[in-house]
file coords-v5.txt (compact mmCIF, C-alpha atoms and all ligand atoms)
# COMPACT_ATOMS: atom_id res chain seq x y z
CA MET A 1 0.00 0.00 0.00
CA ASN A 2 1.65 3.15 -1.10
CA ILE A 3 0.13 5.57 1.32
CA GLU A 4 3.21 7.81 1.06
CA ASP A 5 2.17 8.88 -2.41
CA GLN A 6 -0.18 11.32 -0.67
CA GLN A 7 -3.02 10.16 -2.85
CA PHE A 8 -4.15 7.82 -0.11
CA ARG A 9 -4.89 5.07 -2.55
CA MET A 10 -4.34 1.32 -2.46
CA GLN A 11 -3.84 -0.16 -5.93
CA GLY A 12 -5.54 2.98 -7.26
CA VAL A 13 -8.58 2.59 -5.00
CA SER A 14 -9.27 5.70 -2.90
CA LEU A 15 -9.19 4.90 0.80
CA ASN A 16 -11.46 7.87 1.54
CA GLU A 17 -14.02 6.50 -0.92
CA LEU A 18 -13.82 3.09 0.79
CA ALA A 19 -14.47 4.74 4.16
CA LYS A 20 -17.47 6.55 2.64
CA THR A 21 -18.89 3.45 1.00
CA TYR A 22 -18.36 0.90 3.76
CA GLY A 23 -18.19 3.18 6.81
CA THR A 24 -15.64 3.03 9.61
CA PRO A 25 -13.97 1.33 11.34
CA LEU A 26 -12.86 -0.69 8.36
CA TYR A 27 -10.03 -3.15 7.75
CA VAL A 28 -8.50 -2.93 4.27
CA TYR A 29 -5.94 -5.37 2.86
CA ASP A 30 -3.76 -5.08 -0.22
CA GLY A 31 -3.77 -8.47 -1.98
CA GLN A 32 -0.98 -7.41 -4.29
CA LYS A 33 1.30 -6.61 -1.37
CA ILE A 34 0.65 -10.05 0.13
CA LEU A 35 1.56 -11.73 -3.16
CA GLU A 36 4.74 -9.63 -3.37
CA LYS A 37 5.79 -10.77 0.10
CA VAL A 38 5.22 -14.42 -0.81
CA SER A 39 7.35 -13.97 -3.95
CA LEU A 40 10.08 -12.22 -1.99
CA LEU A 41 10.32 -15.06 0.48
CA GLN A 42 10.36 -17.62 -2.34
CA LYS A 43 13.17 -15.66 -3.99
CA ALA A 44 15.19 -15.44 -0.78
CA PHE A 45 15.11 -19.22 -0.41
CA SER A 46 15.21 -20.19 -4.07
CA SER A 47 18.32 -22.35 -3.66
CA VAL A 48 16.63 -24.75 -1.22
CA ASN A 49 13.42 -26.74 -1.18
CA LEU A 50 11.26 -24.13 0.60
CA LYS A 51 7.71 -24.72 1.81
CA ILE A 52 5.92 -21.69 3.21
CA LYS A 53 3.34 -22.50 5.89
CA TYR A 54 1.48 -19.22 6.37
CA ALA A 55 0.59 -18.68 10.05
CA THR A 56 -3.20 -18.65 9.76
CA LYS A 57 -3.67 -16.95 13.11
CA ALA A 58 -2.22 -13.69 11.78
CA LEU A 59 -5.18 -13.08 9.47
CA SER A 60 -7.60 -15.91 8.96
CA ASN A 61 -10.26 -14.66 6.55
CA ILE A 62 -10.91 -17.47 4.07
CA ASN A 63 -10.19 -15.18 1.13
CA ILE A 64 -6.73 -14.44 2.48
CA LEU A 65 -6.22 -18.19 2.92
CA LYS A 66 -7.36 -18.78 -0.67
CA LEU A 67 -4.97 -16.08 -1.86
CA MET A 68 -2.13 -17.85 -0.05
CA LYS A 69 -3.14 -21.16 -1.60
CA LYS A 70 -3.14 -19.55 -5.04
CA ALA A 71 0.32 -18.12 -4.35
CA GLY A 72 1.53 -21.62 -3.57
CA THR A 73 1.86 -21.58 0.20
CA GLY A 74 0.69 -24.12 2.75
CA VAL A 75 -0.53 -23.13 6.19
CA ASP A 76 0.27 -23.43 9.86
CA ALA A 77 -2.78 -23.93 12.08
CA VAL A 78 -2.69 -23.77 15.87
CA SER A 79 -6.19 -25.01 16.68
CA ILE A 80 -8.55 -27.59 15.26
CA GLU A 81 -10.82 -24.71 14.23
CA GLU A 82 -7.99 -23.20 12.17
CA VAL A 83 -7.43 -26.62 10.61
CA HIS A 84 -11.12 -26.72 9.60
CA LEU A 85 -10.89 -23.16 8.26
CA CYS A 86 -7.87 -24.05 6.12
CA LEU A 87 -9.59 -27.17 4.79
CA HIS A 88 -12.66 -25.07 4.06
CA ALA A 89 -10.50 -22.59 2.16
CA GLY A 90 -9.30 -25.43 -0.07
CA PHE A 91 -5.98 -26.56 1.37
CA ASP A 92 -5.21 -30.26 1.10
CA PRO A 93 -4.61 -31.88 4.49
CA HIS A 94 -0.97 -32.53 3.62
CA GLU A 95 -0.43 -28.78 3.12
CA ILE A 96 -1.53 -28.04 6.69
CA MET A 97 0.82 -28.09 9.67
CA TYR A 98 -1.02 -28.33 12.99
CA THR A 99 1.06 -26.81 15.81
CA PRO A 100 -1.03 -26.77 18.96
CA ASN A 101 0.02 -26.01 22.50
CA SER A 102 -1.73 -27.24 25.64
CA VAL A 103 -4.53 -28.97 23.73
CA SER A 104 -6.11 -32.28 24.68
CA PHE A 105 -5.06 -35.53 23.05
CA ASP A 106 -8.62 -35.77 21.71
CA GLU A 107 -8.00 -32.64 19.64
CA ILE A 108 -4.74 -34.12 18.34
CA LYS A 109 -6.61 -37.31 17.38
CA SER A 110 -9.18 -35.23 15.48
CA ALA A 111 -6.36 -33.56 13.58
CA VAL A 112 -4.85 -36.97 12.75
CA ASP A 113 -8.27 -38.04 11.44
CA LEU A 114 -8.28 -35.00 9.17
CA GLY A 115 -4.92 -36.06 7.76
CA VAL A 116 -2.84 -32.99 8.59
CA MET A 117 0.78 -32.92 9.75
CA ILE A 118 0.95 -33.07 13.53
CA ASN A 119 3.52 -31.10 15.48
CA ILE A 120 3.87 -32.34 19.06
CA ASP A 121 5.26 -29.95 21.66
CA ASN A 122 5.40 -31.90 24.92
CA ILE A 123 6.57 -35.30 26.12
CA PRO A 124 3.27 -36.54 27.63
CA MET A 125 1.50 -36.02 24.27
CA LEU A 126 4.40 -37.70 22.50
CA GLU A 127 3.83 -40.74 24.70
CA HIS A 128 0.04 -40.68 24.11
CA PHE A 129 0.77 -40.41 20.40
CA GLY A 130 3.05 -43.43 20.60
CA THR A 131 0.56 -45.47 22.59
CA PHE A 132 -2.26 -44.69 20.22
CA PHE A 133 -0.64 -44.54 16.80
CA GLY A 134 2.74 -46.24 17.17
CA ASN A 135 4.61 -45.64 13.94
CA GLU A 136 1.50 -45.46 11.74
CA VAL A 137 1.18 -41.68 11.67
CA PRO A 138 4.15 -39.49 10.77
CA LEU A 139 4.77 -36.56 13.06
CA CYS A 140 6.92 -33.53 13.72
CA ILE A 141 8.42 -32.58 17.08
CA ARG A 142 8.58 -28.99 18.29
CA LEU A 143 11.76 -28.23 20.17
CA ASN A 144 12.42 -25.26 22.38
CA PRO A 145 15.88 -24.00 21.38
CA HIS A 146 16.32 -21.76 24.44
CA ILE A 147 17.04 -18.66 22.48
CA LEU A 148 15.79 -15.38 23.87
CA ALA A 149 14.66 -13.30 20.91
CA GLY A 150 11.67 -11.30 19.78
CA GLY A 151 10.20 -7.87 19.99
CA ASN A 152 8.37 -8.05 23.31
CA ALA A 153 8.32 -10.38 26.32
CA LYS A 154 4.85 -11.63 25.38
CA ILE A 155 5.90 -12.70 21.89
CA SER A 156 9.27 -14.17 22.78
CA VAL A 157 8.59 -17.90 23.04
CA GLY A 158 11.85 -19.77 22.49
CA HIS A 159 13.44 -19.05 25.88
CA ILE A 160 13.92 -21.43 28.77
CA ASP A 161 10.85 -20.27 30.72
CA SER A 162 8.52 -20.57 27.77
CA LYS A 163 5.65 -23.07 27.67
CA PHE A 164 6.32 -23.86 24.01
CA GLY A 165 8.14 -26.85 22.60
CA ILE A 166 10.15 -29.58 24.25
CA SER A 167 13.34 -28.30 25.83
CA ILE A 168 16.37 -29.08 23.74
CA LEU A 169 17.88 -30.18 27.04
CA GLN A 170 15.33 -33.01 27.10
CA LEU A 171 16.36 -34.39 23.72
CA LYS A 172 17.64 -37.62 25.27
CA HIS A 173 14.25 -38.21 26.86
CA VAL A 174 12.55 -37.49 23.52
CA LEU A 175 14.79 -40.01 21.79
CA LYS A 176 13.91 -42.65 24.35
CA VAL A 177 10.19 -42.12 23.74
CA VAL A 178 10.72 -42.15 19.98
CA GLN A 179 12.61 -45.41 20.25
CA ALA A 180 10.19 -47.01 22.69
CA TYR A 181 7.20 -46.43 20.39
CA ASP A 182 9.11 -46.61 17.11
CA LEU A 183 7.71 -43.16 16.25
CA ASN A 184 7.89 -42.01 12.65
CA VAL A 185 9.41 -38.55 13.16
CA ILE A 186 9.66 -36.84 9.78
CA GLY A 187 10.08 -33.23 10.91
CA LEU A 188 11.62 -31.08 13.62
CA HIS A 189 10.40 -27.59 14.44
CA VAL A 190 11.50 -24.47 16.29
CA HIS A 191 9.75 -21.11 16.58
CA THR A 192 11.73 -18.60 18.56
CA GLY A 193 9.41 -15.61 18.68
CA SER A 194 7.94 -12.75 16.71
CA ASP A 195 9.56 -9.52 15.48
CA ILE A 196 13.03 -11.06 15.19
CA LEU A 197 15.37 -8.74 13.37
CA ASP A 198 18.65 -10.51 13.29
CA ALA A 199 19.65 -13.15 10.72
CA GLU A 200 21.99 -14.58 13.37
CA VAL A 201 19.01 -15.65 15.52
CA PHE A 202 17.69 -17.77 12.66
CA LEU A 203 21.16 -19.21 12.13
CA LYS A 204 21.46 -20.03 15.80
CA GLY A 205 18.06 -21.76 15.69
CA ALA A 206 19.23 -23.62 12.59
CA GLU A 207 22.38 -24.91 14.28
CA ILE A 208 20.33 -26.21 17.20
CA LEU A 209 17.89 -27.92 14.82
CA PHE A 210 20.75 -29.46 12.82
CA ASP A 211 22.31 -30.86 15.99
CA ALA A 212 19.01 -32.42 17.01
CA ALA A 213 18.29 -33.62 13.47
CA ARG A 214 21.46 -35.74 13.46
CA GLU A 215 19.69 -37.98 15.98
CA PHE A 216 16.75 -38.72 13.63
CA LYS A 217 17.19 -40.87 10.56
CA GLU A 218 13.94 -40.44 8.61
CA LEU A 219 13.47 -36.69 8.48
CA LYS A 220 11.77 -35.06 5.50
CA PHE A 221 11.72 -31.44 6.67
CA LEU A 222 13.02 -28.93 9.19
CA ASP A 223 10.62 -26.17 10.20
CA PHE A 224 12.10 -22.86 11.35
CA GLY A 225 8.79 -21.27 12.42
CA GLY A 226 7.96 -17.62 11.78
CA GLY A 227 9.04 -14.38 13.36
CA PHE A 228 10.55 -12.11 10.68
CA LYS A 229 10.36 -8.51 11.82
CA VAL A 230 8.51 -6.07 9.58
CA ALA A 231 8.82 -2.28 9.37
CA TYR A 232 6.42 -0.39 11.61
CA LYS A 233 7.34 3.14 10.58
CA PRO A 234 8.95 4.84 7.61
CA HIS A 235 12.65 3.90 7.45
CA ASP A 236 12.19 1.36 10.28
CA ILE A 237 14.57 -1.58 10.18
CA SER A 238 13.11 -4.96 9.28
CA THR A 239 14.56 -8.45 8.90
CA ASP A 240 16.76 -8.47 5.82
CA ILE A 241 15.02 -11.43 4.25
CA MET A 242 17.55 -11.81 1.43
CA GLU A 243 20.36 -11.99 4.01
CA VAL A 244 18.46 -14.54 6.13
CA GLY A 245 17.68 -16.49 2.95
CA GLU A 246 21.27 -16.52 1.82
CA LYS A 247 22.81 -17.43 5.18
CA VAL A 248 20.24 -19.97 6.33
CA SER A 249 20.05 -21.59 2.87
CA ALA A 250 23.85 -22.02 2.78
CA ALA A 251 23.86 -23.62 6.23
CA PHE A 252 20.86 -25.77 5.27
CA ARG A 253 22.42 -27.02 2.04
CA LYS A 254 25.56 -27.93 3.93
CA PHE A 255 23.53 -29.82 6.51
CA CYS A 256 21.48 -31.69 3.89
CA LYS A 257 24.70 -32.83 2.22
CA GLU A 258 25.96 -34.19 5.51
CA TYR A 259 22.56 -35.74 6.33
CA GLY A 260 22.46 -37.39 2.93
CA THR A 261 18.94 -36.28 1.97
CA GLU A 262 17.59 -33.13 0.39
CA LEU A 263 15.23 -32.06 3.12
CA GLU A 264 12.47 -29.48 2.80
CA ILE A 265 12.92 -26.25 4.72
CA TRP A 266 9.72 -24.84 6.18
CA PHE A 267 8.91 -21.37 7.45
CA GLU A 268 5.67 -20.21 9.06
CA PRO A 269 5.56 -16.45 8.58
CA GLY A 270 2.54 -14.47 9.69
CA LYS A 271 3.55 -10.84 10.05
CA PHE A 272 6.01 -10.95 7.19
CA LEU A 273 3.29 -11.89 4.72
CA VAL A 274 0.35 -9.80 5.89
CA SER A 275 1.26 -7.09 8.43
CA GLU A 276 2.10 -4.32 5.99
CA SER A 277 -0.75 -5.19 3.66
CA GLY A 278 -3.38 -4.03 6.14
CA LEU A 279 -4.83 -0.74 7.31
CA LEU A 280 -7.47 -0.01 9.87
CA LEU A 281 -9.45 3.05 8.80
CA VAL A 282 -11.08 4.90 11.69
CA LYS A 283 -13.05 8.13 12.00
CA VAL A 284 -12.29 10.95 14.42
CA ASN A 285 -15.15 11.39 16.87
CA VAL A 286 -13.60 14.12 18.96
CA VAL A 287 -10.52 16.27 19.33
CA LYS A 288 -10.07 16.98 23.01
CA SER A 289 -7.48 19.33 24.42
CA THR A 290 -6.36 19.00 28.01
CA PRO A 291 -3.64 20.97 29.77
CA ALA A 292 -1.29 18.03 29.09
CA SER A 293 -2.14 16.72 25.61
CA THR A 294 -4.48 16.83 22.70
CA PHE A 295 -6.40 13.59 22.36
CA VAL A 296 -7.93 12.40 19.14
CA GLY A 297 -10.76 10.01 20.00
CA VAL A 298 -11.68 7.59 17.22
CA ASP A 299 -14.50 5.13 16.51
CA SER A 300 -12.40 2.03 17.25
CA GLY A 301 -10.04 0.83 19.93
CA LEU A 302 -8.36 -2.11 21.58
CA ASN A 303 -11.43 -4.20 20.78
CA HIS A 304 -10.41 -4.01 17.11
CA LEU A 305 -6.64 -3.59 17.33
CA ILE A 306 -5.20 -4.77 20.61
CA ARG A 307 -1.51 -4.69 19.66
CA PRO A 308 -0.66 -1.21 21.01
CA MET A 309 -2.15 -1.97 24.43
CA MET A 310 -1.07 -5.60 24.57
CA TYR A 311 2.48 -5.41 23.25
CA ASP A 312 3.21 -1.66 23.29
CA ALA A 313 3.31 -2.10 19.52
CA TYR A 314 3.99 0.94 17.37
CA HIS A 315 1.49 1.52 14.57
CA ASP A 316 2.01 4.44 12.27
CA VAL A 317 -1.05 6.68 11.85
CA VAL A 318 -1.83 8.98 8.92
CA ASN A 319 -4.62 11.53 8.59
CA ILE A 320 -5.89 10.65 5.13
CA SER A 321 -8.42 13.48 5.11
CA LYS A 322 -5.69 16.10 4.87
CA LEU A 323 -3.30 16.39 1.98
CA GLU A 324 -1.94 19.77 3.05
CA GLY A 325 -1.71 21.94 6.09
CA PRO A 326 0.17 22.26 9.34
CA GLU A 327 1.06 19.30 11.53
CA ARG A 328 0.36 19.04 15.24
CA VAL A 329 1.12 16.48 17.92
CA TYR A 330 -1.74 14.25 19.08
CA THR A 331 -2.36 11.18 21.15
CA ILE A 332 -4.77 8.91 19.32
CA VAL A 333 -7.08 7.00 21.63
CA GLY A 334 -9.85 4.48 21.18
CA TYR A 335 -13.41 4.60 22.52
CA ILE A 336 -13.08 1.65 24.92
CA CYS A 337 -13.81 2.50 28.54
CA GLU A 338 -10.39 1.84 29.92
CA THR A 339 -6.97 3.12 28.93
CA ASP A 340 -6.98 2.63 25.20
CA THR A 341 -4.05 4.37 23.57
CA ILE A 342 -3.53 3.55 19.93
CA ALA A 343 -0.62 5.93 19.34
CA ALA A 344 0.94 8.49 21.69
CA ASP A 345 2.50 11.81 20.73
CA ARG A 346 2.25 11.57 16.96
CA LYS A 347 2.57 14.30 14.43
CA LEU A 348 -0.45 14.35 12.15
CA LYS A 349 -1.81 16.85 9.66
CA GLU A 350 -4.17 19.01 11.72
CA VAL A 351 -7.06 16.80 12.81
CA GLN A 352 -10.74 17.73 12.82
CA GLU A 353 -13.86 15.84 13.78
CA GLY A 354 -14.90 13.52 10.98
CA ASP A 355 -11.38 13.08 9.55
CA ILE A 356 -10.36 9.56 8.56
CA LEU A 357 -7.17 8.16 10.04
CA ALA A 358 -5.35 5.14 8.61
CA ILE A 359 -3.62 2.92 11.16
CA LYS A 360 -0.86 0.98 9.44
CA ASN A 361 0.49 -2.56 9.90
CA ALA A 362 -3.01 -3.73 10.71
CA GLY A 363 -2.91 -6.84 8.52
CA ALA A 364 -1.38 -9.21 11.07
CA TYR A 365 -2.99 -9.87 14.45
CA GLY A 366 -5.48 -7.06 13.89
CA PHE A 367 -8.88 -8.47 13.01
CA SER A 368 -7.84 -11.95 14.15
CA MET A 369 -7.37 -10.68 17.72
CA SER A 370 -10.45 -8.46 17.74
CA SER A 371 -13.31 -8.86 20.19
CA ASN A 372 -16.74 -7.54 21.10
CA TYR A 373 -15.48 -5.88 24.28
CA ASN A 374 -17.80 -3.08 25.39
CA SER A 375 -20.40 -4.86 23.23
CA ARG A 376 -19.01 -3.15 20.15
CA LEU A 377 -19.40 -4.60 16.68
CA ARG A 378 -16.45 -5.94 14.74
CA PRO A 379 -15.59 -4.06 11.52
CA PRO A 380 -15.91 -5.33 7.96
CA GLU A 381 -12.88 -6.41 5.97
CA ILE A 382 -12.06 -5.34 2.43
CA LEU A 383 -9.56 -7.04 0.13
CA ILE A 384 -8.19 -5.11 -2.82
CA LEU A 385 -7.30 -7.35 -5.71
CA ASN A 386 -6.37 -6.25 -9.22
CA GLY A 387 -7.40 -2.69 -8.42
CA LYS A 388 -10.86 -3.67 -7.21
CA ALA A 389 -12.28 -3.60 -3.70
CA HIS A 390 -14.06 -6.73 -2.46
CA ILE A 391 -15.89 -6.99 0.81
CA ILE A 392 -14.67 -10.19 2.45
CA ARG A 393 -16.46 -9.81 5.77
CA GLU A 394 -19.61 -7.89 6.59
CA ARG A 395 -19.81 -5.51 9.52
CA GLU A 396 -21.36 -7.20 12.51
CA THR A 397 -24.82 -6.16 13.59
CA PHE A 398 -26.49 -5.95 16.98
CA SER A 399 -27.87 -9.46 16.47
CA ASP A 400 -24.28 -10.76 16.55
CA ILE A 401 -23.99 -9.38 20.06
CA LEU A 402 -27.11 -11.26 21.14
CA LYS A 403 -26.29 -14.42 19.18
CA ASN A 404 -25.67 -17.36 21.55
CA GLN A 405 -26.92 -15.44 24.56
CA VAL A 406 -29.80 -17.27 26.20
CA ASP A 407 -32.48 -15.16 27.83
CA ILE A 408 -33.81 -17.54 30.46
CA GLY A 409 -37.01 -15.51 30.63
CA ILE A 410 -37.61 -15.79 34.37
CA ILE A 411 -35.74 -12.76 35.58
N1 LIG A 501 4.64 -20.27 13.98
C1 LIG A 501 4.27 -20.42 15.26
C2 LIG A 501 4.35 -21.74 15.89
C3 LIG A 501 3.81 -19.30 15.99
O1 LIG A 501 3.47 -19.45 17.26
C4 LIG A 501 3.74 -18.05 15.34
C5 LIG A 501 3.27 -16.88 16.07
C6 LIG A 501 4.12 -17.94 14.01
C7 LIG A 501 4.57 -19.09 13.35
C8 LIG A 501 4.06 -16.65 13.25
O2 LIG A 501 4.87 -15.66 13.77
P1 LIG A 501 5.07 -14.28 12.98
O3 LIG A 501 5.77 -14.59 11.69
O4 LIG A 501 3.72 -13.70 12.72
O5 LIG A 501 5.88 -13.41 13.87
N2 LIG A 501 0.02 -11.53 18.40
C9 LIG A 501 1.42 -11.15 18.43
C10 LIG A 501 2.28 -12.16 17.74
C11 LIG A 501 2.09 -13.52 18.34
C12 LIG A 501 2.74 -14.54 17.54
C13 LIG A 501 2.46 -15.87 18.09
N3 LIG A 501 3.03 -16.89 17.30
C14 LIG A 501 1.60 -9.78 17.81
O6 LIG A 501 0.60 -9.19 17.41
O7 LIG A 501 2.72 -9.27 17.78
call {"tool": "encode", "arguments": {"input": "coords-v5.txt", "output": "C-alpha cells", "more": "lines below"}}
Ligand code: LLP
result
Amino acid sequence: MNIEDQQFRMQGVSLNELAKTYGTPLYVYDGQKILEKVSLLQKAFSSVNLKIKYATKALSNINILKLMKKAGTGVDAVSIEEVHLCLHAGFDPHEIMYTPNSVSFDEIKSAVDLGVMINIDNIPMLEHFGTFFGNEVPLCIRLNPHILAGGNAKISVGHIDSKFGISILQLKHVLKVVQAYDLNVIGLHVHTGSDILDAEVFLKGAEILFDAAREFKELKFLDFGGGFKVAYKPHDISTDIMEVGEKVSAAFRKFCKEYGTELEIWFEPGKFLVSESGLLLVKVNVVKSTPASTFVGVDSGLNHLIRPMMYDAYHDVVNISKLEGPERVYTIVGYICETDTIAADRKLKEVQEGDILAIKNAGAYGFSMSSNYNSRLRPPEILILNGKAHIIRERETFSDILKNQVDIGII
C-alpha cells in the first residue's frame, strides 16, 4: 500500500471512498502486497526446497487463505478450528501443519483423522501419540531452542521459561520415547518468537535444529517457524530477508549434504506476509485538548486492534483526510472504557472531527485478535485485488452481540 504517495490510494482505490462506501472502522488489505511478500520469500530461499506455511492466526479470513493457496503456500494452524478453516479454504490436508500447544489428546486425534501434519510440543503427548498410533502416523516434534529473541516479552517464546516446545535439554528423553514407540518422526520444528530482526538468531536456531536432526534418521523437513520482523514506521529496520535467505540456505544445504537427503525447509511467517498489507481506517469522533495533551478520540479501539495496548506495539497513523496543512502532535485514543491508547505523541496533519485516520500494519494480528469488548461490533474487511475492492467480511450487527446469549425468561 503506497500511502506515502499522498493520494491515499491502495492499488488505485481511494481509501477515503472506501471509508465513505463501507463506513468506519474498516479493515482494508492489499492483496498485491501479500503476493509480493510471498514472492520475496520464495526468492530469498530459491536455492533450497522451501515450503511456506502461512501462520493462519495472523489473518484468517478465508479469502486471504485462498490467496495464499493460489500463491503456492501451505498453512500453519494452531487449533482444530484453524485446521477446519484451512480445509474449508481449499488446502489439502498434507499442506496443513497443525502446531497446537496445551490442547487435549482428543484434539490431536481429530487432527490426525483430518490427515494434517501433527507437530507435538510436549513429552506426555508424544507418549500418548506413541501409545495410540505407534509408527503409523508421521509426526513432527517442536523443540524449544532456548534462544531469547523477539520484539516483546509476550511474543518471545523460544526461551527457557517458555511453555512452548520440548526443551532441547530433554532431547535424550525425547529419543527414548521415539525409540520405545518406534515413532515415525519426519520433521523437527522451532519457533523462537515474533519480530526477530537478526539473521543470526535464525542461524542459531538452525544450528540447534541441525544438531538435534542428526539424531533422527527419517526426516523429511526442518521447520524454522515464523518471526521475521517487519517495518512499523517509515525507514524502520526490518529483517533483511535476502540476508536470512542466503545465510540460512547455505547452512541448510551444507547440513542436507551431511545428512544425505535433500530435506524441505519450512517457514511459518505471519507478520512478514500480511502485516504491511493491512490498514485499519477509523473516524475521528472528537478532538479533546487538556492541559497536558491533545487527544484524538476515534471510533475504534483495543477491541479491534489490541496490539498497542497488549504489546506496546507501534502503529504508524496517517490523517488521510488532509493532503496539506500544518502538523500538530496528538495522542490517538480508542473509545473503549479503559486506557486505550492507539498511538501516543504523533505528528499528524491538523485533525478535525470527521477526519479519517489510517492505522498501518493492521494486517497481522489485527482483526484476528479483535473482540466484542464493550459490546461493540467488529468491523468489515475489504480485500483489494487487481485494483478492485471486495468486501470479504460484513460488519457485525447488533444481532451478533445477542447471538448465543440465552435469555432464560424468568428474571
Ligand atoms: N509459527 C508459530 C508456531 C507461531 O506461534 C507463530 C506466532 C508464528 C509461526 C508466526 O509468527 P510471525 O511470523 O507472525 O511473527 N500476536 C502477536 C504475535 C504472536 C505470535 C504468536 N506466534 C503480535 O501481534 O505481535
call {"tool": "closest_atom_pairs", "arguments": {"input": "coords-v5.txt", "of": "chain A", "to": "ligand LIG 501 (chain A)", "cutoff": "7 Å", "atoms": "all atoms listed in the file", "output": "CSV"}}
result
residue,atom,partner,partner_atom,distance
A:Ala55,CA,A:LIG501,C8,5.1
A:Ala58,CA,A:LIG501,O4,6.0
A:Asp76,CA,A:LIG501,N1,6.8
A:Thr99,CA,A:LIG501,C2,6.0
A:Ile155,CA,A:LIG501,C11,5.3
A:His191,CA,A:LIG501,C2,5.5
A:Gly193,CA,A:LIG501,O5,6.4
A:Ser194,CA,A:LIG501,O5,3.6
A:Asp195,CA,A:LIG501,O5,5.6
A:Gly225,CA,A:LIG501,N1,4.5
A:Gly226,CA,A:LIG501,O3,3.7
A:Gly227,CA,A:LIG501,O5,3.3
A:Phe228,CA,A:LIG501,O3,5.5
A:Lys229,CA,A:LIG501,O5,6.9
A:Glu268,CA,A:LIG501,C7,4.6
A:Pro269,CA,A:LIG501,O3,3.6
A:Gly270,CA,A:LIG501,O4,3.3
A:Lys271,CA,A:LIG501,O4,3.9
A:Phe272,CA,A:LIG501,O3,5.8
A:Arg307,CA,A:LIG501,O6,5.5
A:Tyr311,CA,A:LIG501,O7,6.7
A:Ala364,CA,A:LIG501,O6,6.6
A:Tyr365,CA,A:LIG501,O6,4.7
call {"tool": "write_last_selection", "arguments": {"input": "coords-v5.txt", "atoms": "C-alpha atoms", "output": "PDB file, in the coordinates of the input"}}
result
ATOM      1  CA  ALA A  55       0.590 -18.680  10.050  1.00  0.00           C
ATOM      2  CA  ALA A  58      -2.220 -13.690  11.780  1.00  0.00           C
ATOM      3  CA  ASP A  76       0.270 -23.430   9.860  1.00  0.00           C
ATOM      4  CA  THR A  99       1.060 -26.810  15.810  1.00  0.00           C
ATOM      5  CA  ILE A 155       5.900 -12.700  21.890  1.00  0.00           C
ATOM      6  CA  HIS A 191       9.750 -21.110  16.580  1.00  0.00           C
ATOM      7  CA  GLY A 193       9.410 -15.610  18.680  1.00  0.00           C
ATOM      8  CA  SER A 194       7.940 -12.750  16.710  1.00  0.00           C
ATOM      9  CA  ASP A 195       9.560  -9.520  15.480  1.00  0.00           C
ATOM     10  CA  GLY A 225       8.790 -21.270  12.420  1.00  0.00           C
ATOM     11  CA  GLY A 226       7.960 -17.620  11.780  1.00  0.00           C
ATOM     12  CA  GLY A 227       9.040 -14.380  13.360  1.00  0.00           C
ATOM     13  CA  PHE A 228      10.550 -12.110  10.680  1.00  0.00           C
ATOM     14  CA  LYS A 229      10.360  -8.510  11.820  1.00  0.00           C
ATOM     15  CA  GLU A 268       5.670 -20.210   9.060  1.00  0.00           C
ATOM     16  CA  PRO A 269       5.560 -16.450   8.580  1.00  0.00           C
ATOM     17  CA  GLY A 270       2.540 -14.470   9.690  1.00  0.00           C
ATOM     18  CA  LYS A 271       3.550 -10.840  10.050  1.00  0.00           C
ATOM     19  CA  PHE A 272       6.010 -10.950   7.190  1.00  0.00           C
ATOM     20  CA  ARG A 307      -1.510  -4.690  19.660  1.00  0.00           C
ATOM     21  CA  TYR A 311       2.480  -5.410  23.250  1.00  0.00           C
ATOM     22  CA  ALA A 364      -1.380  -9.210  11.070  1.00  0.00           C
ATOM     23  CA  TYR A 365      -2.990  -9.870  14.450  1.00  0.00           C
TER      24      TYR A 365
END
call {"tool": "closest_residue", "arguments": {"input": "coords-v5.txt", "among": "A:Asn49, A:Asn101, A:Thr331, A:Asn61", "to": "Lys220 (chain A)", "atoms": "only C-alpha atoms"}}
result
A:Asn49
call {"tool": "residues_around", "arguments": {"input": "coords-v5.txt", "residues": "region 167-179 of chain A", "least_positions_apart": "2", "cutoff": "9 Å", "atoms": "all atoms listed in the file", "output": "PyMOL selection string"}}
result
chain A and resi 122-123+126-127+130+142-146+160+164-165+181-185+208+212+215-216
call {"tool": "residues_near_point", "arguments": {"input": "coords-v5.txt", "point": "(19.7, -36.1, 2.8)", "cutoff": "12 Å", "atoms": "all atoms listed in the file", "output": "list in words"}}
result
Asn49, Ala213, Arg214, Phe216, Lys217, Glu218, Leu219, Lys220, Phe221, Leu222, Phe252, Arg253, Lys254, Phe255, Cys256, Lys257, Glu258, Tyr259, Gly260, Thr261, Glu262, Leu263 and Glu264 of chain A
call {"tool": "atom_distance", "arguments": {"input": "coords-v5.txt", "atom1": "CA of Gly278 (chain A)", "atom2": "CA of Tyr27 (chain A)"}}
result
6.9 Å
call {"tool": "residues_around", "arguments": {"input": "coords-v5.txt", "residues": "Leu65 (chain A)", "least_positions_apart": "5", "cutoff": "7 Å", "atoms": "all atoms listed in the file", "output": "count of residues only"}}
result
3
call {"tool": "residues_around", "arguments": {"input": "coords-v5.txt", "residues": "region 107-113 of chain A", "least_positions_apart": "3", "cutoff": "8 Å", "atoms": "all atoms listed in the file", "output": "MDAnalysis selection string"}}
result
chainID A and resid 80 83 98 103:104 116:118 137
call {"tool": "write_last_selection", "arguments": {"input": "coords-v5.txt", "atoms": "C-alpha atoms", "output": "tab-separated table (two decimals), in the coordinates of the input"}}
result
chain	number	residue	atom	x	y	z
A	80	ILE	CA	-8.55	-27.59	15.26
A	83	VAL	CA	-7.43	-26.62	10.61
A	98	TYR	CA	-1.02	-28.33	12.99
A	103	VAL	CA	-4.53	-28.97	23.73
A	104	SER	CA	-6.11	-32.28	24.68
A	116	VAL	CA	-2.84	-32.99	8.59
A	117	MET	CA	0.78	-32.92	9.75
A	118	ILE	CA	0.95	-33.07	13.53
A	137	VAL	CA	1.18	-41.68	11.67
call {"tool": "closest_residue", "arguments": {"input": "coords-v5.txt", "among": "A:Asn361, A:Ser399, A:Asn303, A:Ser249", "to": "Val318 (chain A)", "atoms": "only C-alpha atoms"}}
result
A:Asn361
call {"tool": "residues_around", "arguments": {"input": "coords-v5.txt", "residues": "Tyr373 (chain A)", "least_positions_apart": "3", "cutoff": "10 Å", "atoms": "only C-alpha atoms", "output": "MDAnalysis selection string"}}
result
chainID A and resid 301:304 336:337 370 376:378
call {"tool": "atom_distance", "arguments": {"input": "coords-v5.txt", "atom1": "CA of Val190 (chain A)", "atom2": "CA of Cys140 (chain A)"}}
result
10.5 Å
